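Participant: The structure is given below, and queries will be raised subsequently.
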Amino acid sequence: MRGKLMPPRSSPTARQARLGAELRKLREASGLTARAAGELLGGNQAQISHIESGRWGVSAERVRRLATFYSAADTKLIDALCGMAEERGKGWWEGYRAILPIGFLNIAELEHYARYLRAFQTLTVPGIFQTEEYARTIFGGRIPALPADELDARVDHRLRRRTIFERPAPPHFEAVIHEAALHVLYGGRKVARDQLRYLLEVSEWPTVVVRVIPFASEEFVGSAQTMLYAGGVVPQLDTVQLDSAYGVVLLDAEAQLSNYRAVYDALQRVTLEVGESRDVINRIAKEM
């Protein structure tokens, strides 16, 4: 029924949790309590807490009511949040729930909804552009070793992430890769060579840009680390994804986003031009 809260979720997706977190930011900026917001919706503090944690769905109508109550004036942000509230259905990645770590699902969801993507890698080719053999080598080297069925699921999931480029309007994707990643012989010379050839093919896709930071670069961006920057409908909904020893980390605080934008801009300044980058990749592939 229109205007009613949806059933509670036992495990909200990262995007559902993000919607709740953004509503919480608006409420806290207004100085209003969760109790006051709950009363506006005819409920109580617990209901707002569930909404802000992503466990309760919320209609676009209620998002607008809350935004008005909070005196939120950023119409573009409010429209974007309403769009998130209206999303229905499950993405293909939900088929891997309870099979793969939740971080895998979060990355696929992040890429699916991103308006643009910017990646930086130092030792591997970006996951979304990895060949099956290359990805299998990466996952196969995990300690402790993965069971065969989970290894297959991880590889399959990684390959399916490329479906974002099959859409009528795929996102713009810019990848900055350090030359070191192009020389590592993951899986042996043939696997590594085939990966570089595929990367060359990828670099010709209409919305993909691949740039290389050469060994010869004399500049050093000390705060740089491998990352995926996903641009949202509005800048406030951007997200940075980092890998850690304990899984996927998602950052969305404005100070963090600003810092990683600056880091990526610094990385761009030390890359080769697109044509030069292709030449380097092609040369290394031929030498393997």
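Every chain in the structure tokens has a letter given in the order shown (A, B, ...), and although residue numbers restart at 1 in each chain, ligands are simply numbered from 1 in the order shown.
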Find the residues of stretch 79-185 of chain A that sit at most 8 Å from stretch 241-254 of chain A; for each, write down the nearest two atoms and how far apart they are in Å, to one decimal. Count only C-alpha atoms. Sort by chain, then by number going up, and give it as a tab-separated table.
Facilitator:
```
residue	atom	partner	partner_atom	distance
A:Gly103	CA	A:Val248	CA	5.0
A:Phe104	CA	A:Val248	CA	7.8
A:Ile107	CA	A:Gln241	CA	7.6
```
Participant: Restricting the output to all heavy atoms, write the selected residues as a PDB file, in the first residue's frame.
Facilitator:
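Writing done, so here's out.pdb:
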```pdb
ATOM      1  N   GLY A 103      30.986  -8.718   0.404  1.00  0.00           N
ATOM      2  CA  GLY A 103      31.731  -7.693  -0.306  1.00  0.00           C
ATOM      3  C   GLY A 103      31.659  -7.843  -1.818  1.00  0.00           C
ATOM      4  O   GLY A 103      31.658  -6.854  -2.557  1.00  0.00           O
ATOM      5  N   PHE A 104      31.594  -9.073  -2.308  1.00  0.00           N
ATOM      6  CA  PHE A 104      31.489  -9.318  -3.748  1.00  0.00           C
ATOM      7  C   PHE A 104      30.176  -8.744  -4.280  1.00  0.00           C
ATOM      8  O   PHE A 104      30.124  -8.138  -5.348  1.00  0.00           O
ATOM      9  CB  PHE A 104      31.559 -10.817  -4.035  1.00  0.00           C
ATOM     10  CG  PHE A 104      32.939 -11.390  -3.984  1.00  0.00           C
ATOM     11  CD1 PHE A 104      33.595 -11.558  -2.773  1.00  0.00           C
ATOM     12  CD2 PHE A 104      33.594 -11.776  -5.143  1.00  0.00           C
ATOM     13  CE1 PHE A 104      34.875 -12.077  -2.714  1.00  0.00           C
ATOM     14  CE2 PHE A 104      34.881 -12.306  -5.100  1.00  0.00           C
ATOM     15  CZ  PHE A 104      35.527 -12.453  -3.879  1.00  0.00           C
ATOM     16  N   ILE A 107      30.305  -4.854  -4.406  1.00  0.00           N
ATOM     17  CA  ILE A 107      31.045  -4.291  -5.538  1.00  0.00           C
ATOM     18  C   ILE A 107      30.201  -4.328  -6.800  1.00  0.00           C
ATOM     19  O   ILE A 107      30.124  -3.346  -7.553  1.00  0.00           O
ATOM     20  CB  ILE A 107      32.363  -5.059  -5.755  1.00  0.00           C
ATOM     21  CG1 ILE A 107      33.327  -4.787  -4.605  1.00  0.00           C
ATOM     22  CG2 ILE A 107      33.011  -4.652  -7.087  1.00  0.00           C
ATOM     23  CD1 ILE A 107      34.604  -5.599  -4.671  1.00  0.00           C
TER      24      ILE A 107
END
```
Participant: Any chance you could tabulate, as a tab-separated table, the residues of stretch 162-278 of chain A at most 9 Å from stretch 137-143 of chain A with each one's nearest atom pair and distance in Å to one decimal, using only C-alpha atoms, in chain and rising number order?
Facilitator:
```
residue	atom	partner	partner_atom	distance
A:Tyr186	CA	A:Thr137	CA	6.4
A:Gly187	CA	A:Thr137	CA	5.6
A:Val191	CA	A:Thr137	CA	8.9
```
Participant: Can you list, as a ChimeraX atom specification, every protein, DNA or RNA residue that comes within 12 Å of stretch 56-65 of chain A when you count only C-alpha atoms, leaving out same-chain residues fewer than 2 positions away?
Facilitator: /A:1-13,15-20,22-24,26-27,37-38,40-42,46-54,67-88
Participant: Would you please extract all strand (DSSP E) residues from stretch 2-121 of chain A, as assigned by DSSP on the backbone, and give them as an mmCIF file with N, CA, C and O atoms, in the first residue's frame?
Facilitator:
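Generated file (states-v2.cif):
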```cif
data_model
loop_
_atom_site.group_PDB
_atom_site.id
_atom_site.type_symbol
_atom_site.label_atom_id
_atom_site.label_comp_id
_atom_site.auth_asym_id
_atom_site.auth_seq_id
_atom_site.Cartn_x
_atom_site.Cartn_y
_atom_site.Cartn_z
ATOM 1 N N TYR A 116 29.752 6.751 -13.270
ATOM 2 C CA TYR A 116 31.095 6.603 -13.830
ATOM 3 C C TYR A 116 31.954 5.885 -12.796
ATOM 4 O O TYR A 116 31.614 5.847 -11.606
ATOM 5 N N LEU A 117 33.068 5.310 -13.255
ATOM 6 C CA LEU A 117 33.949 4.546 -12.380
ATOM 7 C C LEU A 117 35.402 4.908 -12.675
ATOM 8 O O LEU A 117 35.777 5.099 -13.832
ATOM 9 N N ARG A 118 36.188 4.977 -11.611
ATOM 10 C CA ARG A 118 37.617 5.270 -11.750
ATOM 11 C C ARG A 118 38.371 4.271 -10.877
ATOM 12 O O ARG A 118 38.103 4.178 -9.666
ATOM 13 N N ALA A 119 39.281 3.545 -11.474
ATOM 14 C CA ALA A 119 39.993 2.509 -10.729
ATOM 15 C C ALA A 119 41.496 2.763 -10.753
ATOM 16 O O ALA A 119 42.029 3.320 -11.717
ATOM 17 N N PHE A 120 42.155 2.347 -9.685
ATOM 18 C CA PHE A 120 43.616 2.403 -9.631
ATOM 19 C C PHE A 120 44.118 1.071 -9.105
ATOM 20 O O PHE A 120 43.670 0.591 -8.064
ATOM 21 N N GLN A 121 45.047 0.466 -9.849
ATOM 22 C CA GLN A 121 45.617 -0.823 -9.465
ATOM 23 C C GLN A 121 47.130 -0.790 -9.609
ATOM 24 O O GLN A 121 47.668 -0.191 -10.550
#
```
Participant: Which residue is closest to A:Tyr198? Choose from A:Ala29, A:Met288, A:Leu110, A:Ile281 and count only C-alpha atoms.
Facilitator: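 Closest to A:Tyr198, using only C-alpha atoms: A:Ile281.
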Participant: When you draw a straight line from atom CA of A:Tyr260 to atom CA of A:Pro168, how long is it in Å?
Facilitator: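 Taking atom CA of A:Tyr260 and atom CA of A:Pro168, their separation equals 29.1 Å.
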Participant: From the options A:Gln256, A:Val212, A:Glu166, A:Glu218, which residue's atoms come nearest to A:Gly275, counting only C-alpha atoms?
Facilitator: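 Closest to A:Gly275 of all the choices is A:Val212.
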Participant: I want to know what sits within 12 Å of A:Arg283, based on only C-alpha atoms, with residues of the same chain fewer than 6 positions away left out; could you give that as JSON, numbers by chain?
Facilitator: {"A": [179, 182, 183, 193, 196, 197, 200, 276, 277]}
Participant: Kindly save the residues from that selection, with N, CA and C atoms included, as a PDB file, in the first residue's frame.
Facilitator:
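Produced file selection-v4.pdb, reproduced below:
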```pdb
ATOM      1  N   GLU A 179      52.619   0.216 -14.212  1.00  0.00           N
ATOM      2  CA  GLU A 179      53.290  -0.712 -15.130  1.00  0.00           C
ATOM      3  C   GLU A 179      53.688  -2.012 -14.444  1.00  0.00           C
ATOM      4  N   LEU A 182      51.530  -4.953 -15.068  1.00  0.00           N
ATOM      5  CA  LEU A 182      51.552  -5.520 -16.414  1.00  0.00           C
ATOM      6  C   LEU A 182      52.659  -6.542 -16.604  1.00  0.00           C
ATOM      7  N   HIS A 183      53.625  -6.547 -15.710  1.00  0.00           N
ATOM      8  CA  HIS A 183      54.777  -7.449 -15.844  1.00  0.00           C
ATOM      9  C   HIS A 183      54.636  -8.740 -15.046  1.00  0.00           C
ATOM     10  N   ARG A 193      50.018 -12.971 -20.967  1.00  0.00           N
ATOM     11  CA  ARG A 193      49.994 -12.359 -22.298  1.00  0.00           C
ATOM     12  C   ARG A 193      48.564 -12.209 -22.811  1.00  0.00           C
ATOM     13  N   LEU A 196      46.907  -9.264 -21.154  1.00  0.00           N
ATOM     14  CA  LEU A 196      47.292  -7.966 -21.688  1.00  0.00           C
ATOM     15  C   LEU A 196      46.631  -7.713 -23.044  1.00  0.00           C
ATOM     16  N   ARG A 197      46.519  -8.744 -23.846  1.00  0.00           N
ATOM     17  CA  ARG A 197      45.845  -8.588 -25.133  1.00  0.00           C
ATOM     18  C   ARG A 197      44.369  -8.247 -24.933  1.00  0.00           C
ATOM     19  N   LEU A 200      44.071  -4.650 -23.984  1.00  0.00           N
ATOM     20  CA  LEU A 200      44.155  -3.792 -25.172  1.00  0.00           C
ATOM     21  C   LEU A 200      42.798  -3.719 -25.869  1.00  0.00           C
ATOM     22  N   GLU A 276      50.045   6.216 -25.718  1.00  0.00           N
ATOM     23  CA  GLU A 276      51.312   5.747 -25.155  1.00  0.00           C
ATOM     24  C   GLU A 276      51.079   4.562 -24.226  1.00  0.00           C
ATOM     25  N   SER A 277      49.996   4.605 -23.484  1.00  0.00           N
ATOM     26  CA  SER A 277      49.669   3.499 -22.575  1.00  0.00           C
ATOM     27  C   SER A 277      49.425   2.221 -23.367  1.00  0.00           C
TER      28      SER A 277
END
```
Participant: When distances are computed from only C-alpha atoms, which of A:Asn259, A:Thr122, A:Thr226, A:Asn106 shows the smallest separation from A:Ala180?
Facilitator: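 Distance minimum relative to A:Ala180 lands on A:Thr122.
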Participant: Name the residues of stretch 21-183 of chain A that come out as alpha helix (DSSP H) in a backbone DSSP run; write them as an NGL selection string.
Facilitator: :A and (21-30 or 34-40 or 45-53 or 60-69 or 75-86 or 102-113 or 132-140 or 148-160 or 179-183)
Participant: Just give me the gap between atom CA of A:Arg154 and atom CA of A:Tyr134 in Å, one decimal is fine.
Facilitator: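 That distance, rounded to one decimal, is 12.2 Å.
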Participant: Would you mind listing what lies within 12 Å of A:Leu267 as a compact mmCIF listing (two decimals) with all heavy atoms, in the first residue's frame, with only C-alpha atoms counted and same-chain residues fewer than 5 positions away left out?
Facilitator:
```
# COMPACT_ATOMS: atom_id res chain seq x y z
N ARG A 118 36.19 4.98 -11.61
CA ARG A 118 37.62 5.27 -11.75
C ARG A 118 38.37 4.27 -10.88
O ARG A 118 38.10 4.18 -9.67
CB ARG A 118 37.92 6.70 -11.29
CG ARG A 118 37.03 7.74 -11.91
CD ARG A 118 37.16 9.08 -11.21
NE ARG A 118 38.20 9.91 -11.79
CZ ARG A 118 38.60 11.08 -11.29
NH1 ARG A 118 38.06 11.53 -10.18
NH2 ARG A 118 39.54 11.78 -11.88
N ALA A 119 39.28 3.55 -11.47
CA ALA A 119 39.99 2.51 -10.73
C ALA A 119 41.50 2.76 -10.75
O ALA A 119 42.03 3.32 -11.72
CB ALA A 119 39.70 1.13 -11.33
N PHE A 120 42.15 2.35 -9.69
CA PHE A 120 43.62 2.40 -9.63
C PHE A 120 44.12 1.07 -9.10
O PHE A 120 43.67 0.59 -8.06
CB PHE A 120 44.08 3.54 -8.71
CG PHE A 120 45.57 3.53 -8.47
CD1 PHE A 120 46.46 3.57 -9.54
CD2 PHE A 120 46.08 3.47 -7.18
CE1 PHE A 120 47.84 3.56 -9.32
CE2 PHE A 120 47.45 3.45 -6.95
CZ PHE A 120 48.34 3.50 -8.02
N GLN A 121 45.05 0.47 -9.85
CA GLN A 121 45.62 -0.82 -9.47
C GLN A 121 47.13 -0.79 -9.61
O GLN A 121 47.67 -0.19 -10.55
CB GLN A 121 45.05 -1.95 -10.33
CG GLN A 121 43.60 -2.29 -10.06
CD GLN A 121 43.41 -2.98 -8.72
OE1 GLN A 121 44.32 -3.64 -8.22
NE2 GLN A 121 42.23 -2.83 -8.13
N THR A 122 47.82 -1.44 -8.67
CA THR A 122 49.28 -1.45 -8.69
C THR A 122 49.88 -2.80 -9.04
O THR A 122 50.97 -2.87 -9.61
CB THR A 122 49.84 -1.03 -7.32
OG1 THR A 122 49.30 -1.90 -6.31
CG2 THR A 122 49.44 0.41 -7.00
N GLU A 174 37.37 4.68 -16.20
CA GLU A 174 38.77 5.02 -16.42
C GLU A 174 39.63 4.22 -15.45
O GLU A 174 39.41 4.27 -14.23
CB GLU A 174 39.03 6.51 -16.22
CG GLU A 174 40.50 6.88 -16.44
CD GLU A 174 40.73 8.37 -16.50
OE1 GLU A 174 40.33 8.98 -17.51
OE2 GLU A 174 41.29 8.92 -15.54
N ALA A 175 40.59 3.49 -16.00
CA ALA A 175 41.47 2.66 -15.18
C ALA A 175 42.90 3.19 -15.27
O ALA A 175 43.42 3.39 -16.36
CB ALA A 175 41.43 1.21 -15.64
N VAL A 176 43.50 3.41 -14.11
CA VAL A 176 44.91 3.78 -14.03
C VAL A 176 45.64 2.56 -13.45
O VAL A 176 45.31 2.08 -12.36
CB VAL A 176 45.13 5.01 -13.13
CG1 VAL A 176 46.62 5.22 -12.87
CG2 VAL A 176 44.53 6.25 -13.79
N ILE A 177 46.60 2.06 -14.20
CA ILE A 177 47.31 0.84 -13.81
C ILE A 177 48.81 1.11 -13.78
O ILE A 177 49.36 1.65 -14.75
CB ILE A 177 47.02 -0.31 -14.80
CG1 ILE A 177 45.52 -0.49 -15.00
CG2 ILE A 177 47.67 -1.61 -14.32
CD1 ILE A 177 45.17 -1.46 -16.12
N HIS A 178 49.46 0.75 -12.71
CA HIS A 178 50.91 0.91 -12.67
C HIS A 178 51.54 -0.15 -13.55
O HIS A 178 51.07 -1.29 -13.64
CB HIS A 178 51.44 0.78 -11.24
CG HIS A 178 52.83 1.30 -11.09
ND1 HIS A 178 53.95 0.59 -11.50
CD2 HIS A 178 53.29 2.49 -10.59
CE1 HIS A 178 55.04 1.30 -11.25
NE2 HIS A 178 54.67 2.46 -10.71
N ARG A 211 44.92 3.94 -18.71
CA ARG A 211 46.17 4.71 -18.66
C ARG A 211 47.18 3.98 -17.78
O ARG A 211 46.82 3.35 -16.78
CB ARG A 211 45.92 6.11 -18.10
CG ARG A 211 45.00 6.98 -18.95
CD ARG A 211 44.81 8.35 -18.30
NE ARG A 211 43.86 9.17 -19.00
CZ ARG A 211 44.13 9.97 -20.03
NH1 ARG A 211 45.38 10.02 -20.48
NH2 ARG A 211 43.20 10.70 -20.59
N VAL A 212 48.45 4.11 -18.15
CA VAL A 212 49.52 3.41 -17.44
C VAL A 212 50.45 4.42 -16.77
O VAL A 212 50.81 5.44 -17.36
CB VAL A 212 50.33 2.53 -18.41
CG1 VAL A 212 51.56 1.93 -17.71
CG2 VAL A 212 49.45 1.42 -18.98
N ILE A 213 50.83 4.12 -15.52
CA ILE A 213 51.88 4.87 -14.84
C ILE A 213 53.18 4.10 -15.09
O ILE A 213 53.32 2.96 -14.64
CB ILE A 213 51.62 4.98 -13.32
CG1 ILE A 213 50.34 5.74 -13.05
CG2 ILE A 213 52.81 5.67 -12.64
CD1 ILE A 213 49.99 5.86 -11.57
N PRO A 214 54.11 4.67 -15.83
CA PRO A 214 55.33 3.93 -16.19
C PRO A 214 56.34 3.85 -15.05
O PRO A 214 56.35 4.68 -14.14
CB PRO A 214 55.88 4.74 -17.36
CG PRO A 214 55.47 6.16 -17.02
CD PRO A 214 54.10 6.03 -16.40
N SER A 217 58.35 7.00 -14.37
CA SER A 217 57.80 8.19 -13.72
C SER A 217 58.63 8.56 -12.50
O SER A 217 58.94 7.72 -11.65
CB SER A 217 56.35 7.93 -13.29
OG SER A 217 55.85 9.02 -12.57
N GLU A 219 57.66 10.95 -10.39
CA GLU A 219 56.77 11.48 -9.36
C GLU A 219 56.18 10.34 -8.55
O GLU A 219 55.97 9.23 -9.05
CB GLU A 219 55.65 12.30 -10.00
CG GLU A 219 56.16 13.52 -10.75
CD GLU A 219 55.04 14.38 -11.26
OE1 GLU A 219 54.19 14.80 -10.45
OE2 GLU A 219 55.00 14.62 -12.48
N PHE A 220 55.90 10.62 -7.29
CA PHE A 220 55.39 9.59 -6.39
C PHE A 220 54.18 10.13 -5.64
O PHE A 220 54.25 11.19 -5.02
CB PHE A 220 56.48 9.17 -5.40
CG PHE A 220 56.01 8.19 -4.35
CD1 PHE A 220 55.65 6.90 -4.71
CD2 PHE A 220 55.93 8.56 -3.03
CE1 PHE A 220 55.21 5.99 -3.75
CE2 PHE A 220 55.50 7.66 -2.06
CZ PHE A 220 55.14 6.37 -2.43
N VAL A 221 53.07 9.41 -5.74
CA VAL A 221 51.87 9.79 -5.01
C VAL A 221 51.81 8.92 -3.77
O VAL A 221 51.29 7.79 -3.78
CB VAL A 221 50.61 9.61 -5.87
CG1 VAL A 221 49.37 10.09 -5.11
CG2 VAL A 221 50.74 10.39 -7.18
N GLY A 222 52.35 9.41 -2.68
CA GLY A 222 52.54 8.58 -1.50
C GLY A 222 51.28 8.08 -0.84
O GLY A 222 51.28 7.05 -0.17
N SER A 223 50.17 8.82 -0.98
CA SER A 223 48.94 8.41 -0.31
C SER A 223 48.06 7.52 -1.19
O SER A 223 46.95 7.18 -0.79
CB SER A 223 48.15 9.65 0.11
OG SER A 223 47.86 10.46 -1.02
N ALA A 224 48.55 7.15 -2.35
CA ALA A 224 47.73 6.35 -3.27
C ALA A 224 47.68 4.89 -2.83
O ALA A 224 48.67 4.33 -2.36
CB ALA A 224 48.28 6.44 -4.68
N GLN A 225 46.52 4.27 -2.98
CA GLN A 225 46.35 2.85 -2.75
C GLN A 225 45.30 2.35 -3.72
O GLN A 225 44.51 3.14 -4.26
CB GLN A 225 45.92 2.57 -1.31
CG GLN A 225 44.56 3.15 -0.95
CD GLN A 225 44.22 2.95 0.52
OE1 GLN A 225 44.12 3.91 1.26
NE2 GLN A 225 44.01 1.72 0.94
N THR A 226 45.30 1.06 -3.99
CA THR A 226 44.34 0.53 -4.94
C THR A 226 42.93 0.89 -4.51
O THR A 226 42.59 0.82 -3.32
CB THR A 226 44.46 -1.00 -5.07
OG1 THR A 226 44.25 -1.60 -3.78
CG2 THR A 226 45.83 -1.38 -5.58
N MET A 227 42.12 1.29 -5.47
CA MET A 227 40.77 1.72 -5.13
C MET A 227 39.87 1.68 -6.34
O MET A 227 40.31 1.61 -7.48
CB MET A 227 40.80 3.15 -4.58
CG MET A 227 41.25 4.18 -5.60
SD MET A 227 41.00 5.88 -5.00
CE MET A 227 41.94 6.80 -6.22
N TYR A 260 40.00 11.17 -1.79
CA TYR A 260 40.27 10.22 -2.87
C TYR A 260 40.09 10.84 -4.25
O TYR A 260 40.74 10.41 -5.21
CB TYR A 260 39.40 8.97 -2.70
CG TYR A 260 39.99 8.03 -1.67
CD1 TYR A 260 39.51 8.00 -0.37
CD2 TYR A 260 41.05 7.19 -2.00
CE1 TYR A 260 40.07 7.17 0.59
CE2 TYR A 260 41.62 6.35 -1.06
CZ TYR A 260 41.13 6.35 0.24
OH TYR A 260 41.71 5.52 1.18
N ARG A 261 39.26 11.85 -4.37
CA ARG A 261 39.20 12.59 -5.64
C ARG A 261 40.54 13.26 -5.91
O ARG A 261 41.06 13.22 -7.03
CB ARG A 261 38.09 13.66 -5.58
CG ARG A 261 36.67 13.12 -5.57
CD ARG A 261 35.67 14.28 -5.69
NE ARG A 261 34.34 13.87 -5.31
CZ ARG A 261 33.70 14.27 -4.23
NH1 ARG A 261 34.28 15.14 -3.41
NH2 ARG A 261 32.47 13.84 -3.96
N ALA A 262 41.10 13.87 -4.88
CA ALA A 262 42.38 14.56 -5.02
C ALA A 262 43.50 13.56 -5.34
O ALA A 262 44.38 13.84 -6.17
CB ALA A 262 42.71 15.34 -3.74
N LEU A 272 50.72 8.03 -18.53
CA LEU A 272 50.99 8.24 -19.95
C LEU A 272 49.67 8.57 -20.64
O LEU A 272 48.59 8.28 -20.13
CB LEU A 272 51.58 6.98 -20.57
CG LEU A 272 52.93 6.50 -20.02
CD1 LEU A 272 53.29 5.15 -20.62
CD2 LEU A 272 54.02 7.53 -20.29
```
Participant: What's around A:Ala169 at 12 Å? Count only C-alpha atoms, leave out sequence neighbours fewer than 3 positions away in its own chain, and write the answer as number ranges by chain.
Facilitator: A: 112-116, 163-166, 172, 206-207
